[in-house]
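entry10.cif (mmCIF, C-alpha atoms)
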```
data_final
#
loop_
_atom_site.label_atom_id
_atom_site.label_comp_id
_atom_site.auth_asym_id
_atom_site.auth_seq_id
_atom_site.Cartn_x
_atom_site.Cartn_y
_atom_site.Cartn_z
CA MET G 1 16.32 -19.69 -43.31
CA GLU G 2 13.63 -22.07 -42.21
CA ILE G 3 11.40 -21.99 -39.16
CA SER G 4 9.59 -25.13 -38.11
CA VAL G 5 7.01 -25.55 -35.42
CA ASN G 6 6.97 -29.28 -34.66
CA SER G 7 4.06 -30.78 -32.72
CA ALA G 8 3.97 -27.76 -30.42
CA THR G 9 1.78 -28.23 -27.36
CA CYS G 10 1.34 -25.75 -24.55
CA TYR G 11 -0.48 -26.10 -21.25
CA LYS G 12 -1.29 -23.49 -18.65
CA ASN G 13 -2.66 -24.60 -15.28
CA ASN G 14 -3.18 -28.10 -16.73
CA VAL G 15 -5.39 -26.73 -19.50
CA ALA G 16 -4.24 -27.16 -23.10
CA ILE G 17 -3.80 -23.76 -24.76
CA PHE G 18 -2.90 -25.40 -28.07
CA ASN G 19 -2.17 -28.94 -29.06
CA ASN G 20 0.06 -30.49 -31.68
CA ILE G 21 0.61 -27.40 -33.85
CA ASN G 22 2.77 -27.86 -36.91
CA LEU G 23 4.02 -25.12 -39.18
CA SER G 24 6.93 -24.82 -41.57
CA LEU G 25 8.10 -21.55 -43.07
CA LYS G 26 11.00 -20.72 -45.33
CA ASN G 27 12.31 -17.52 -46.89
CA GLY G 28 9.56 -15.36 -48.35
CA ASP G 29 6.75 -17.04 -46.43
CA VAL G 30 4.02 -15.28 -44.51
CA ALA G 31 2.02 -17.10 -41.84
CA LEU G 32 -1.29 -15.82 -40.58
CA ILE G 33 -2.47 -17.23 -37.27
CA SER G 34 -6.13 -16.56 -36.68
CA GLY G 35 -8.81 -17.79 -34.34
CA ALA G 36 -11.35 -16.76 -31.76
CA ASN G 37 -10.45 -14.83 -28.65
CA GLY G 38 -8.71 -17.12 -26.18
CA SER G 39 -7.83 -19.69 -28.82
CA GLY G 40 -4.11 -19.39 -27.98
CA LYS G 41 -2.84 -17.11 -30.77
CA THR G 42 -0.78 -14.93 -28.42
CA THR G 43 0.63 -17.94 -26.55
CA LEU G 44 1.64 -19.56 -29.84
CA ILE G 45 3.25 -16.33 -31.03
CA LYS G 46 5.12 -16.08 -27.71
CA SER G 47 6.21 -19.71 -28.03
CA ILE G 48 7.50 -19.16 -31.55
CA SER G 49 9.43 -16.12 -30.35
CA GLY G 50 10.95 -18.13 -27.50
CA ILE G 51 9.27 -16.26 -24.65
CA GLN G 52 6.84 -19.02 -23.70
CA ASN G 53 8.08 -22.54 -23.08
CA LEU G 54 6.32 -25.46 -24.72
CA GLU G 55 4.97 -28.47 -22.86
CA SER G 56 6.12 -30.66 -25.75
CA GLY G 57 7.29 -30.22 -29.31
CA ALA G 58 9.91 -27.82 -30.57
CA ILE G 59 10.49 -24.60 -32.48
CA LEU G 60 13.43 -24.92 -34.83
CA LEU G 61 15.36 -22.35 -36.81
CA ASN G 62 17.41 -24.00 -39.55
CA ASN G 63 16.87 -27.33 -37.78
CA ILE G 64 18.34 -26.08 -34.50
CA ASP G 65 16.07 -25.76 -31.46
CA ILE G 66 15.69 -22.05 -30.69
CA SER G 67 16.47 -22.63 -27.00
CA HIS G 68 19.79 -24.26 -27.89
CA ARG G 69 22.89 -22.17 -27.26
CA ASP G 70 24.06 -22.71 -30.87
CA SER G 71 20.87 -21.19 -32.24
CA ASP G 72 21.18 -17.71 -33.71
CA PHE G 73 17.44 -17.23 -33.26
CA VAL G 74 17.46 -13.91 -31.34
CA GLU G 75 19.95 -12.50 -33.84
CA ASN G 76 17.32 -13.00 -36.54
CA ILE G 77 13.93 -12.25 -35.01
CA ILE G 78 12.05 -9.12 -34.24
CA TYR G 79 9.11 -9.65 -31.90
CA ILE G 80 6.32 -7.12 -31.46
CA GLY G 81 3.72 -8.11 -28.91
CA HIS G 82 0.23 -6.74 -28.59
CA LYS G 83 1.32 -4.58 -25.63
CA ASN G 84 3.38 -2.32 -27.96
CA SER G 85 6.54 -2.46 -25.80
CA LEU G 86 6.85 1.30 -25.40
CA ASN G 87 7.86 3.23 -22.33
CA SER G 88 5.12 5.73 -21.55
CA ASP G 89 7.54 8.11 -19.79
CA MET G 90 9.58 8.53 -22.96
CA THR G 91 8.84 10.31 -26.23
CA VAL G 92 8.21 8.51 -29.52
CA HIS G 93 11.72 9.33 -30.73
CA GLU G 94 13.37 8.31 -27.45
CA ASN G 95 11.51 5.01 -27.49
CA LEU G 96 12.66 4.25 -31.02
CA VAL G 97 16.27 5.16 -30.16
CA TYR G 98 16.10 2.87 -27.13
CA LEU G 99 14.52 0.00 -29.06
CA MET G 100 17.16 0.44 -31.75
CA ALA G 101 19.84 0.17 -29.06
CA LEU G 102 18.36 -3.17 -27.99
CA ASP G 103 18.61 -4.43 -31.56
CA SER G 104 22.14 -5.35 -32.61
CA SER G 105 21.18 -5.45 -36.29
CA SER G 106 20.40 -1.71 -36.30
CA LYS G 107 23.15 0.82 -36.63
CA ILE G 108 22.96 2.87 -33.46
CA LYS G 109 24.15 6.14 -34.95
CA ASP G 110 21.92 5.82 -37.97
CA ASN G 111 19.26 8.29 -36.91
CA SER G 112 18.01 8.49 -40.49
CA ARG G 113 16.48 5.03 -40.03
CA ILE G 114 14.33 6.36 -37.24
CA GLU G 115 13.30 9.37 -39.34
CA LYS G 116 12.45 7.05 -42.23
CA ALA G 117 10.40 4.77 -39.96
CA MET G 118 8.49 7.70 -38.47
CA ASN G 119 7.79 9.12 -41.92
CA TYR G 120 6.62 5.75 -43.20
CA PHE G 121 4.03 5.39 -40.45
CA ASP G 122 3.23 9.11 -40.46
CA ILE G 123 4.16 9.65 -36.82
CA GLN G 124 6.84 12.27 -37.48
CA LYS G 125 4.63 14.99 -36.01
CA TYR G 126 4.37 13.02 -32.75
CA LYS G 127 8.15 12.65 -32.51
CA ASP G 128 8.42 14.62 -29.27
CA TYR G 129 5.14 13.46 -27.78
CA PHE G 130 5.25 11.25 -24.73
CA VAL G 131 3.85 7.83 -25.53
CA SER G 132 1.31 8.25 -22.72
CA ASP G 133 -0.18 11.13 -24.76
CA LEU G 134 -0.60 9.10 -27.98
CA SER G 135 -3.72 7.38 -29.24
CA GLU G 136 -3.68 3.57 -29.27
CA GLY G 137 -3.32 3.62 -33.06
CA ASN G 138 -0.26 5.85 -32.94
CA LYS G 139 1.24 3.69 -30.20
CA LYS G 140 0.82 0.69 -32.47
CA LYS G 141 2.40 2.58 -35.39
CA THR G 142 5.34 3.58 -33.18
CA SER G 143 5.87 0.00 -32.16
CA LEU G 144 5.61 -1.23 -35.78
CA ALA G 145 8.21 1.37 -36.79
CA ARG G 146 10.77 -1.07 -35.34
CA LEU G 147 10.26 -3.20 -38.45
CA ILE G 148 11.85 -0.48 -40.56
CA ILE G 149 14.58 0.33 -38.06
CA SER G 150 15.72 -3.27 -37.75
CA ASP G 151 17.58 -5.32 -40.35
CA LYS G 152 16.18 -8.57 -39.04
CA LYS G 153 14.29 -10.75 -41.48
CA ILE G 154 12.03 -12.85 -39.25
CA TRP G 155 9.09 -10.83 -38.00
CA ILE G 156 6.90 -12.29 -35.27
CA LEU G 157 3.95 -10.00 -34.69
CA ASP G 158 1.04 -10.37 -32.31
CA GLU G 159 -2.10 -8.54 -33.46
CA PRO G 160 -0.15 -5.92 -35.46
CA LEU G 161 -3.30 -4.58 -37.08
CA SER G 162 -5.26 -3.86 -33.92
CA ASN G 163 -6.14 -0.16 -33.51
CA LEU G 164 -4.79 0.72 -36.97
CA ASP G 165 -6.89 2.72 -39.42
CA ASN G 166 -7.45 1.46 -42.99
CA PHE G 167 -4.62 3.57 -44.44
CA SER G 168 -2.14 2.31 -41.83
CA ILE G 169 -3.26 -1.28 -42.47
CA GLU G 170 -2.49 -0.78 -46.16
CA ILE G 171 1.00 0.57 -45.52
CA PHE G 172 1.67 -2.18 -43.00
CA ILE G 173 0.67 -4.80 -45.59
CA LYS G 174 3.06 -3.15 -48.07
CA LEU G 175 5.78 -3.60 -45.48
CA ILE G 176 4.98 -7.30 -45.12
CA VAL G 177 5.09 -7.69 -48.92
CA GLU G 178 8.44 -5.89 -48.95
CA ASN G 179 9.79 -8.31 -46.34
CA GLN G 180 8.46 -11.19 -48.43
CA LYS G 181 10.33 -9.84 -51.47
CA ASN G 182 13.50 -9.54 -49.38
CA ASN G 183 13.22 -13.24 -48.49
CA GLY G 184 12.11 -12.50 -44.94
CA ILE G 185 9.64 -14.54 -42.94
CA SER G 186 6.59 -12.93 -41.33
CA ILE G 187 4.45 -14.65 -38.71
CA LEU G 188 1.47 -12.68 -37.52
CA SER G 189 -1.71 -13.22 -35.62
CA SER G 190 -4.73 -11.26 -36.70
CA HIS G 191 -8.49 -11.37 -37.18
CA TYR G 192 -7.98 -9.45 -40.42
CA ASP G 193 -7.69 -11.66 -43.50
CA ILE G 194 -4.47 -10.45 -45.11
CA SER G 195 -4.45 -13.36 -47.57
CA LYS G 196 -6.57 -11.29 -49.95
CA LYS G 197 -3.75 -8.76 -50.24
CA ILE G 198 -0.64 -10.88 -49.84
CA SER G 199 0.12 -13.92 -51.95
CA ASN G 200 1.24 -17.28 -50.57
CA VAL G 201 -0.02 -16.75 -47.07
CA LYS G 202 0.01 -19.89 -44.94
CA HIS G 203 -3.11 -19.78 -42.83
CA LEU G 204 -3.19 -21.41 -39.42
CA GLU G 205 -6.62 -21.47 -37.82
CA MET G 206 -6.45 -22.07 -34.06
CA MET A 1 24.33 1.44 -26.85
CA LEU A 2 25.75 2.02 -23.36
CA LYS A 3 25.14 5.76 -23.54
CA ILE A 4 21.53 5.29 -24.70
CA ILE A 5 20.77 2.80 -21.94
CA ILE A 6 22.24 5.01 -19.21
CA GLN A 7 20.50 8.07 -20.65
CA LYS A 8 17.17 6.25 -20.72
CA GLU A 9 17.38 4.96 -17.15
CA LEU A 10 18.45 8.32 -15.76
CA SER A 11 15.91 10.34 -17.75
CA ILE A 12 13.03 8.18 -16.50
CA TYR A 13 14.02 8.86 -12.90
CA PHE A 14 14.52 12.57 -13.60
CA ARG A 15 11.04 12.75 -15.12
CA ASN A 16 9.57 11.10 -12.05
CA LEU A 17 11.26 13.15 -9.36
CA ASN A 18 8.67 11.84 -6.90
CA SER A 19 10.54 8.58 -7.00
CA ILE A 20 13.57 10.36 -5.52
CA PHE A 21 11.88 12.65 -3.05
CA LEU A 22 9.15 10.42 -1.68
CA PRO A 23 11.47 7.66 -0.40
CA LEU A 24 13.69 10.37 1.10
CA VAL A 25 10.71 12.07 2.78
CA LEU A 26 9.49 8.69 4.06
CA PHE A 27 12.97 7.97 5.40
CA PHE A 28 13.12 11.26 7.32
CA LEU A 29 9.56 10.95 8.61
CA ILE A 30 10.16 7.47 10.05
CA ILE A 31 13.50 8.49 11.58
CA SER A 32 11.95 11.59 13.16
CA ILE A 33 9.06 9.59 14.64
CA PHE A 34 11.37 7.57 16.88
CA PRO A 35 12.47 10.45 19.18
CA LEU A 36 8.81 11.42 19.51
CA VAL A 37 7.86 7.92 20.64
CA LEU A 38 10.93 7.03 22.72
CA GLY A 39 11.62 10.46 24.13
CA PRO A 40 14.66 12.69 23.60
CA GLU A 41 16.99 10.72 25.89
CA LYS A 42 20.38 11.19 24.23
CA LYS A 43 22.04 7.93 25.38
CA LEU A 44 19.13 5.79 24.22
CA LEU A 45 18.92 7.50 20.83
CA GLU A 46 22.69 7.28 20.38
CA LYS A 47 22.44 3.53 20.92
CA ILE A 48 19.46 2.77 18.74
CA ILE A 49 19.62 5.37 15.95
CA PRO A 50 22.11 3.44 13.73
CA GLY A 51 19.75 0.46 13.83
CA ILE A 52 16.79 2.69 13.07
CA ILE A 53 18.64 4.20 10.10
CA TRP A 54 19.32 0.72 8.73
CA ILE A 55 15.76 -0.55 9.25
CA THR A 56 14.33 2.58 7.65
CA THR A 57 16.73 2.18 4.72
CA ILE A 58 15.52 -1.40 4.29
CA LEU A 59 11.90 -0.23 4.25
CA THR A 60 12.77 2.42 1.66
CA THR A 61 14.61 -0.03 -0.59
CA LEU A 62 11.76 -2.52 -0.28
CA MET A 63 9.29 0.11 -1.43
CA SER A 64 11.49 1.21 -4.32
CA SER A 65 12.32 -2.24 -5.60
CA ASN A 66 9.05 -4.04 -4.98
CA ASN A 67 7.36 -2.99 -8.23
CA PHE A 68 10.58 -2.42 -10.12
CA PHE A 69 9.58 -4.38 -13.25
CA LYS A 70 5.85 -3.65 -13.04
CA ASP A 71 5.79 -0.93 -15.73
CA ASP A 72 8.09 -2.88 -18.04
CA PHE A 73 5.87 -5.93 -17.59
CA ASN A 74 2.63 -4.03 -18.22
CA ASN A 75 4.09 -2.27 -21.29
CA GLY A 76 5.49 -5.48 -22.77
CA ILE A 77 9.10 -4.26 -22.55
CA ILE A 78 10.13 -7.41 -20.65
CA GLU A 79 9.24 -9.39 -23.78
CA ILE A 80 11.58 -7.15 -25.78
CA TYR A 81 14.35 -7.83 -23.27
CA LEU A 82 13.79 -11.58 -23.60
CA THR A 83 13.87 -11.51 -27.40
CA SER A 84 16.68 -9.00 -27.79
CA ASP A 85 20.09 -9.96 -29.13
CA ALA A 86 21.71 -7.02 -27.36
CA SER A 87 23.31 -7.41 -23.95
CA VAL A 88 20.20 -7.25 -21.80
CA GLU A 89 22.33 -8.08 -18.77
CA LEU A 90 23.99 -4.72 -19.25
CA VAL A 91 20.56 -3.06 -19.31
CA PHE A 92 19.65 -4.78 -16.03
CA PHE A 93 22.98 -3.78 -14.49
CA PHE A 94 22.36 -0.11 -15.26
CA LYS A 95 18.76 -0.40 -14.08
CA ILE A 96 20.07 -1.60 -10.70
CA ILE A 97 22.64 1.20 -10.57
CA ALA A 98 20.06 3.85 -11.56
CA CYS A 99 17.63 2.59 -8.93
CA TRP A 100 20.39 2.75 -6.31
CA ILE A 101 21.47 6.27 -7.36
CA PHE A 102 17.97 7.64 -7.10
CA THR A 103 16.65 5.84 -4.04
CA CYS A 104 19.60 5.01 -1.79
CA LEU A 105 22.26 7.57 -2.64
CA PRO A 106 20.13 10.52 -1.45
CA ILE A 107 19.70 8.76 1.91
CA ILE A 108 23.45 8.10 2.16
CA ILE A 109 24.22 11.73 1.31
CA PHE A 110 21.99 12.85 4.19
CA ILE A 111 23.75 10.65 6.76
CA PRO A 112 26.13 13.51 7.86
CA LEU A 113 23.06 15.70 8.46
CA LEU A 114 21.38 12.93 10.46
CA SER A 115 24.52 12.42 12.52
CA ILE A 116 24.45 16.11 13.45
CA LEU A 117 20.71 16.00 14.24
CA PHE A 118 21.06 12.94 16.49
CA ASP A 119 24.52 13.79 17.77
CA ILE A 120 26.06 10.56 16.47
CA PRO A 121 29.84 10.42 17.07
CA PHE A 122 31.91 10.96 13.91
CA ASN A 123 33.38 7.43 13.89
CA SER A 124 29.95 5.80 14.14
CA ALA A 125 28.50 8.13 11.49
CA PHE A 126 31.38 7.28 9.18
CA VAL A 127 30.80 3.53 9.59
CA ILE A 128 27.03 3.95 9.07
CA PHE A 129 27.87 5.86 5.90
CA ILE A 130 30.27 3.18 4.66
CA THR A 131 27.99 0.23 5.51
CA LEU A 132 25.05 1.93 3.78
CA PHE A 133 27.23 2.76 0.77
CA ILE A 134 28.26 -0.87 0.36
CA GLY A 135 25.14 -2.53 1.70
CA THR A 136 22.37 -0.68 -0.13
CA PRO A 137 23.38 -1.81 -3.66
CA ILE A 138 23.13 -5.38 -2.31
CA LEU A 139 19.69 -4.67 -0.84
CA ILE A 140 18.48 -3.05 -4.07
CA SER A 141 19.77 -5.98 -6.14
CA ILE A 142 18.02 -8.52 -3.92
CA GLY A 143 14.85 -6.40 -3.90
CA ILE A 144 14.83 -6.21 -7.69
CA PHE A 145 15.34 -9.98 -7.82
CA GLY A 146 12.22 -10.36 -5.65
CA SER A 147 10.33 -8.06 -8.02
CA ALA A 148 11.40 -10.19 -11.00
CA LEU A 149 10.42 -13.38 -9.21
CA THR A 150 6.89 -12.23 -8.44
CA ILE A 151 6.21 -10.23 -11.60
CA GLY A 152 3.73 -12.70 -13.05
CA LEU A 153 1.58 -12.68 -9.94
CA SER A 154 -1.34 -10.28 -9.97
CA LYS A 155 -1.17 -9.51 -6.23
CA ASN A 156 2.51 -9.57 -5.35
CA ASN A 157 2.71 -6.57 -3.02
CA ILE A 158 3.53 -8.52 0.11
CA LEU A 159 4.99 -11.72 -1.33
CA ALA A 160 8.19 -10.17 -2.72
CA PRO A 161 9.23 -8.56 0.62
CA ILE A 162 8.47 -11.81 2.46
CA ILE A 163 10.69 -13.74 0.04
CA ILE A 164 13.59 -11.31 0.02
CA LEU A 165 13.74 -10.07 3.63
CA PRO A 166 15.61 -13.18 4.88
CA PHE A 167 18.29 -12.46 2.26
CA TYR A 168 18.78 -9.01 3.78
CA ILE A 169 19.78 -10.50 7.13
CA PRO A 170 23.49 -11.17 6.40
CA VAL A 171 23.94 -7.58 5.21
CA LEU A 172 22.15 -6.33 8.29
CA ILE A 173 24.18 -8.55 10.65
CA PHE A 174 27.57 -7.43 9.32
CA SER A 175 26.54 -3.78 9.11
CA ALA A 176 25.21 -3.79 12.67
CA SER A 177 28.32 -5.61 13.81
CA ALA A 178 30.57 -2.98 12.17
CA ILE A 179 28.62 -0.15 13.79
CA ASP A 180 28.70 -1.91 17.19
CA SER A 181 32.43 -2.53 16.90
CA VAL A 182 33.27 1.10 16.16
CA SER A 183 31.04 2.32 19.00
CA ILE A 184 33.05 0.26 21.54
CA GLY A 185 36.36 1.11 19.91
CA LEU A 186 37.02 -2.20 18.15
CA SER A 187 38.15 -2.76 14.59
CA TYR A 188 35.35 -2.91 12.03
CA GLU A 189 37.36 -3.53 8.83
CA MET A 190 36.60 -7.26 8.68
CA GLN A 191 32.84 -6.65 8.53
CA ILE A 192 33.33 -4.04 5.80
CA TYR A 193 35.42 -6.52 3.77
CA ILE A 194 32.71 -9.16 4.13
CA LEU A 195 30.08 -6.65 2.95
CA LEU A 196 32.35 -5.76 0.03
CA ALA A 197 32.66 -9.45 -0.81
CA PHE A 198 28.85 -9.75 -0.85
CA LEU A 199 28.66 -6.75 -3.17
CA VAL A 200 31.36 -8.02 -5.53
CA PHE A 201 29.61 -11.40 -5.64
CA ILE A 202 26.03 -10.20 -6.09
CA LEU A 203 26.31 -7.22 -8.43
CA PRO A 204 27.89 -8.99 -11.42
CA ILE A 205 25.69 -12.12 -11.26
CA MET A 206 22.41 -10.33 -10.55
CA PRO A 207 21.77 -9.16 -14.17
CA TYR A 208 22.12 -12.76 -15.43
CA LEU A 209 19.93 -14.00 -12.60
CA LEU A 210 17.32 -11.35 -13.45
CA LYS A 211 17.16 -12.41 -17.09
CA TYR A 212 16.68 -16.04 -16.09
CA THR A 213 14.16 -15.16 -13.37
CA LEU A 214 12.07 -12.93 -15.66
CA ARG A 215 11.85 -15.72 -18.22
CA PHE A 216 10.87 -18.17 -15.48
CA SER A 217 8.27 -15.79 -14.00
CA ILE A 218 6.67 -15.01 -17.34
CA ASN A 219 6.43 -18.73 -18.13
CA ASN A 220 4.84 -19.58 -14.81
#
```

In structure tokens, what does this structure look like?
Amino acid sequence: MEISVNSATCYKNNVAIFNNINLSLKNGDVALISGANGSGKTTLIKSISGIQNLESGAILLNNIDISHRDSDFVENIIYIGHKNSLNSDMTVHENLVYLMALDSSSKIKDNSRIEKAMNYFDIQKYKDYFVSDLSEGNKKKTSLARLIISDKKIWILDEPLSNLDNFSIEIFIKLIVENQKNNGISILSSHYDISKKISNVKHLEM
Amino acid sequence: MLKIIIQKELSIYFRNLNSIFLPLVLFFLIISIFPLVLGPEKKLLEKIIPGIIWITTILTTLMSSNNFFKDDFNNGIIEIYLTSDASVELVFFFKIIACWIFTCLPIIIFIPLLSILFDIPFNSAFVIFITLFIGTPILISIGIFGSALTIGLSKNNILAPIIILPFYIPVLIFSASAIDSVSIGLSYEMQIYILLAFLVFILPIMPYLLKYTLRFSINN
């Protein structure tokens, strides 16, 4: 697999959010997008995941534009935004079951995946808690648990380390390394410099 | 997948029972205000109460559907829908059905009680029941479309109803016409068939339209 961001430019209300961004990633690569607040990290992440349209340029997966009907982009990506994507009226477990149902790569009846994911991020004890009752850190861990539940290899993550404690950051980094070993591609935006802990990180400063 | 989606949609409504009872209470309050304002004249009420029921139903559906995607938008779940490889159209379809079950169906179920309270003839009550049963899923679908269209706007409380109300008019015209026809002893089947045609047309395409509209709204 290969993801290419070719001369990506995005405008909002006639103001350039980012201009002429180029990035090329193949199996086993990790990209870190960093920059000041408002520099366009989230918009770029959304563009790479196909949520945000570009003004010009293209995002390609295996040389096929991700918006093209022949592209199998959504079959390969898992996107986790900074809003956590959890329903506050549902419990941690219910949220994970629902998110698993929205992911064709996960086996629906495989509840052990969910148990494994909750154990990995140490949120097992919050299994029956409503998301509205969780701390921001535990919400983030619940949303990151999708990475274990899913079989998808391209991870597009917006500020995955925000609100995480040091221990959770360590186990998250282990997960990224694991994905790297499995020939997956990880694209993440963060203020935290993960390049000290993960090898071959492509750094994109916005 | 289907079971999980249905379970999720239903459980959210069950956990927020206010969302069932409050529209119903509002519906009954508005209906009961009319006799207080217009007086208890039976002939007048008999003539206008079907229209009042329909207008009140429209208000209730507008309230229920106006902020339909607000929570999903604020929580970032819309982004999951747009990047999911599962059939999100199916999710939207069951969201429409769940919204209808919990906001419109209770009103429809109470139509026999209303017809007793306002002494509506059986034939008219039956046609009101049928037109609401067919018409409200159309109204809910259009209302949810308005919600999707205005989701990116920070102050969209009034805009969505203004956009979607004109689209309610055909449903209202044929429903009123069916009720009028039965009250003067004419056939009303044609109007019911037309309403059914609207429903059969709108319900299957709405989930696809919602997906497209949400993507458009988020981008703009």

Could you make a table, as a tab-separated table, of the residues of chain A that have an atom within 6 Å of an atom of chain G, each with its nearest atom pair and distance in Å to one decimal, counting only C-alpha atoms, in chain and number order?
```
residue	atom	partner	partner_atom	distance
A:Met1	CA	G:Ala101	CA	5.2
A:Asn75	CA	G:Ser85	CA	5.1
A:Gly76	CA	G:Ser85	CA	4.4
A:Ile77	CA	G:Ser85	CA	4.5
A:Thr83	CA	G:Val74	CA	5.8
A:Asp85	CA	G:Val74	CA	5.2
A:Ala86	CA	G:Leu102	CA	5.1
A:Asn219	CA	G:Gln52	CA	5.6
```

* Asked: If you apply the PyMOL selection byres ((chain A and resi 31-37) around 10) to this file, what residues do you get, as a list of chain:residue names?
  -> A:Val25, A:Leu26, A:Phe27, A:Phe28, A:Leu29, A:Ile30, A:Leu38, A:Gly39, A:Pro40, A:Glu41, A:Lys42, A:Leu44, A:Leu45, A:Ile48, A:Ile49, A:Ile52, A:Ile53, A:Ile55, A:Thr56, A:Thr57, A:Leu114, A:Leu117, A:Phe118

* To do: Specify as a ChimeraX atom specification each residue included when the PyMOL selection byres ((chain A and resi 91-107) around 8) is applied to this file.
  => /A:5-6,9-10,13,19-20,23-24,27,57,60-61,64-65,87-90,108-111,133,136-137,140-141,144,203-204,206-207,210

Same residues, C-alpha atoms, saved as an mmCIF file, in the coordinates of the input:
```cif
data_model
loop_
_atom_site.group_PDB
_atom_site.id
_atom_site.type_symbol
_atom_site.label_atom_id
_atom_site.label_comp_id
_atom_site.auth_asym_id
_atom_site.auth_seq_id
_atom_site.Cartn_x
_atom_site.Cartn_y
_atom_site.Cartn_z
ATOM 1 C CA ILE A 5 20.770 2.800 -21.940
ATOM 2 C CA ILE A 6 22.240 5.010 -19.210
ATOM 3 C CA GLU A 9 17.380 4.960 -17.150
ATOM 4 C CA LEU A 10 18.450 8.320 -15.760
ATOM 5 C CA TYR A 13 14.020 8.860 -12.900
ATOM 6 C CA SER A 19 10.540 8.580 -7.000
ATOM 7 C CA ILE A 20 13.570 10.360 -5.520
ATOM 8 C CA PRO A 23 11.470 7.660 -0.400
ATOM 9 C CA LEU A 24 13.690 10.370 1.100
ATOM 10 C CA PHE A 27 12.970 7.970 5.400
ATOM 11 C CA THR A 57 16.730 2.180 4.720
ATOM 12 C CA THR A 60 12.770 2.420 1.660
ATOM 13 C CA THR A 61 14.610 -0.030 -0.590
ATOM 14 C CA SER A 64 11.490 1.210 -4.320
ATOM 15 C CA SER A 65 12.320 -2.240 -5.600
ATOM 16 C CA SER A 87 23.310 -7.410 -23.950
ATOM 17 C CA VAL A 88 20.200 -7.250 -21.800
ATOM 18 C CA GLU A 89 22.330 -8.080 -18.770
ATOM 19 C CA LEU A 90 23.990 -4.720 -19.250
ATOM 20 C CA ILE A 108 23.450 8.100 2.160
ATOM 21 C CA ILE A 109 24.220 11.730 1.310
ATOM 22 C CA PHE A 110 21.990 12.850 4.190
ATOM 23 C CA ILE A 111 23.750 10.650 6.760
ATOM 24 C CA PHE A 133 27.230 2.760 0.770
ATOM 25 C CA THR A 136 22.370 -0.680 -0.130
ATOM 26 C CA PRO A 137 23.380 -1.810 -3.660
ATOM 27 C CA ILE A 140 18.480 -3.050 -4.070
ATOM 28 C CA SER A 141 19.770 -5.980 -6.140
ATOM 29 C CA ILE A 144 14.830 -6.210 -7.690
ATOM 30 C CA LEU A 203 26.310 -7.220 -8.430
ATOM 31 C CA PRO A 204 27.890 -8.990 -11.420
ATOM 32 C CA MET A 206 22.410 -10.330 -10.550
ATOM 33 C CA PRO A 207 21.770 -9.160 -14.170
ATOM 34 C CA LEU A 210 17.320 -11.350 -13.450
#
```

* Asked: How many Å lie between CA of Ile173 (chain A) and CA of Ile202 (chain A), rounded to one decimal?
  ->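 Spanning CA of Ile173 (chain A) to CA of Ile202 (chain A) is a straight-line distance of 16.9 Å.
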
* Using only C-alpha atoms, which residues sit within 8 Å of Asp128 (chain G) once same-chain residues fewer than 4 positions away are excluded, as a ChimeraX atom specification? -> /G:91-93

* CA of Asn74 (chain A) to CA of Glu55 (chain G), straight-line distance in Å ->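 Calculated distance between CA of Glu55 (chain G) and CA of Asn74 (chain A) is 25.0 Å.
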
* **Interatomic distance (Å, one decimal) between CA of Thr9 (chain G) and CA of Ser190 (chain G)** => 20.4 Å

* What do you get, as JSON, numbers by chain, if you spell out every residue that the PyMOL selection byres ((chain G and resi 33) around 6) selects here? -> {"G": [32, 34, 189, 204, 205]}

* Fewer than 6 positions away in the same chain doesn't count, so skip those; otherwise give me all residues within 10 Å of Ile164 (chain A), counting only C-alpha atoms, as number ranges by chain. => A: 62, 66, 139, 142-147, 149

Report the centre and edge lengths, in Å to one decimal, of an axis-aligned box enclosing every atom of region 88-104 of chain A listed in the file, padded by 8 Å on each side, as lines of an AutoDock Vina configuration file.
```
center_x = 20.3
center_y = -0.2
center_z = -11.8
size_x = 23.3
size_y = 31.7
size_z = 36.0
```

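Counting all atoms listed in the file and comparing G:Ser195, G:Asn179, G:Ser132, G:Thr42, the residue that lies closest to Leu157 (chain G) is G:Thr42.
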
Got a minute to add N, CA and C atoms to region 192-198 of chain A and dump it as an mmCIF file, keeping the file's coordinate frame?
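Once written, rebuild-v9.cif looks like this:
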```cif
data_model
loop_
_atom_site.group_PDB
_atom_site.id
_atom_site.type_symbol
_atom_site.label_atom_id
_atom_site.label_comp_id
_atom_site.auth_asym_id
_atom_site.auth_seq_id
_atom_site.Cartn_x
_atom_site.Cartn_y
_atom_site.Cartn_z
ATOM 1 N N ILE A 192 33.421 -4.823 7.038
ATOM 2 C CA ILE A 192 33.330 -4.040 5.800
ATOM 3 C C ILE A 192 33.808 -4.892 4.621
ATOM 4 N N TYR A 193 34.905 -5.655 4.852
ATOM 5 C CA TYR A 193 35.420 -6.520 3.770
ATOM 6 C C TYR A 193 34.387 -7.581 3.388
ATOM 7 N N ILE A 194 33.720 -8.121 4.412
ATOM 8 C CA ILE A 194 32.710 -9.160 4.130
ATOM 9 C C ILE A 194 31.554 -8.545 3.319
ATOM 10 N N LEU A 195 31.144 -7.329 3.713
ATOM 11 C CA LEU A 195 30.080 -6.650 2.950
ATOM 12 C C LEU A 195 30.527 -6.403 1.507
ATOM 13 N N LEU A 196 31.796 -5.994 1.374
ATOM 14 C CA LEU A 196 32.350 -5.760 0.030
ATOM 15 C C LEU A 196 32.342 -7.047 -0.800
ATOM 16 N N ALA A 197 32.662 -8.155 -0.119
ATOM 17 C CA ALA A 197 32.660 -9.450 -0.810
ATOM 18 C C ALA A 197 31.255 -9.787 -1.301
ATOM 19 N N PHE A 198 30.259 -9.529 -0.436
ATOM 20 C CA PHE A 198 28.850 -9.750 -0.850
ATOM 21 C C PHE A 198 28.550 -8.936 -2.109
#
```
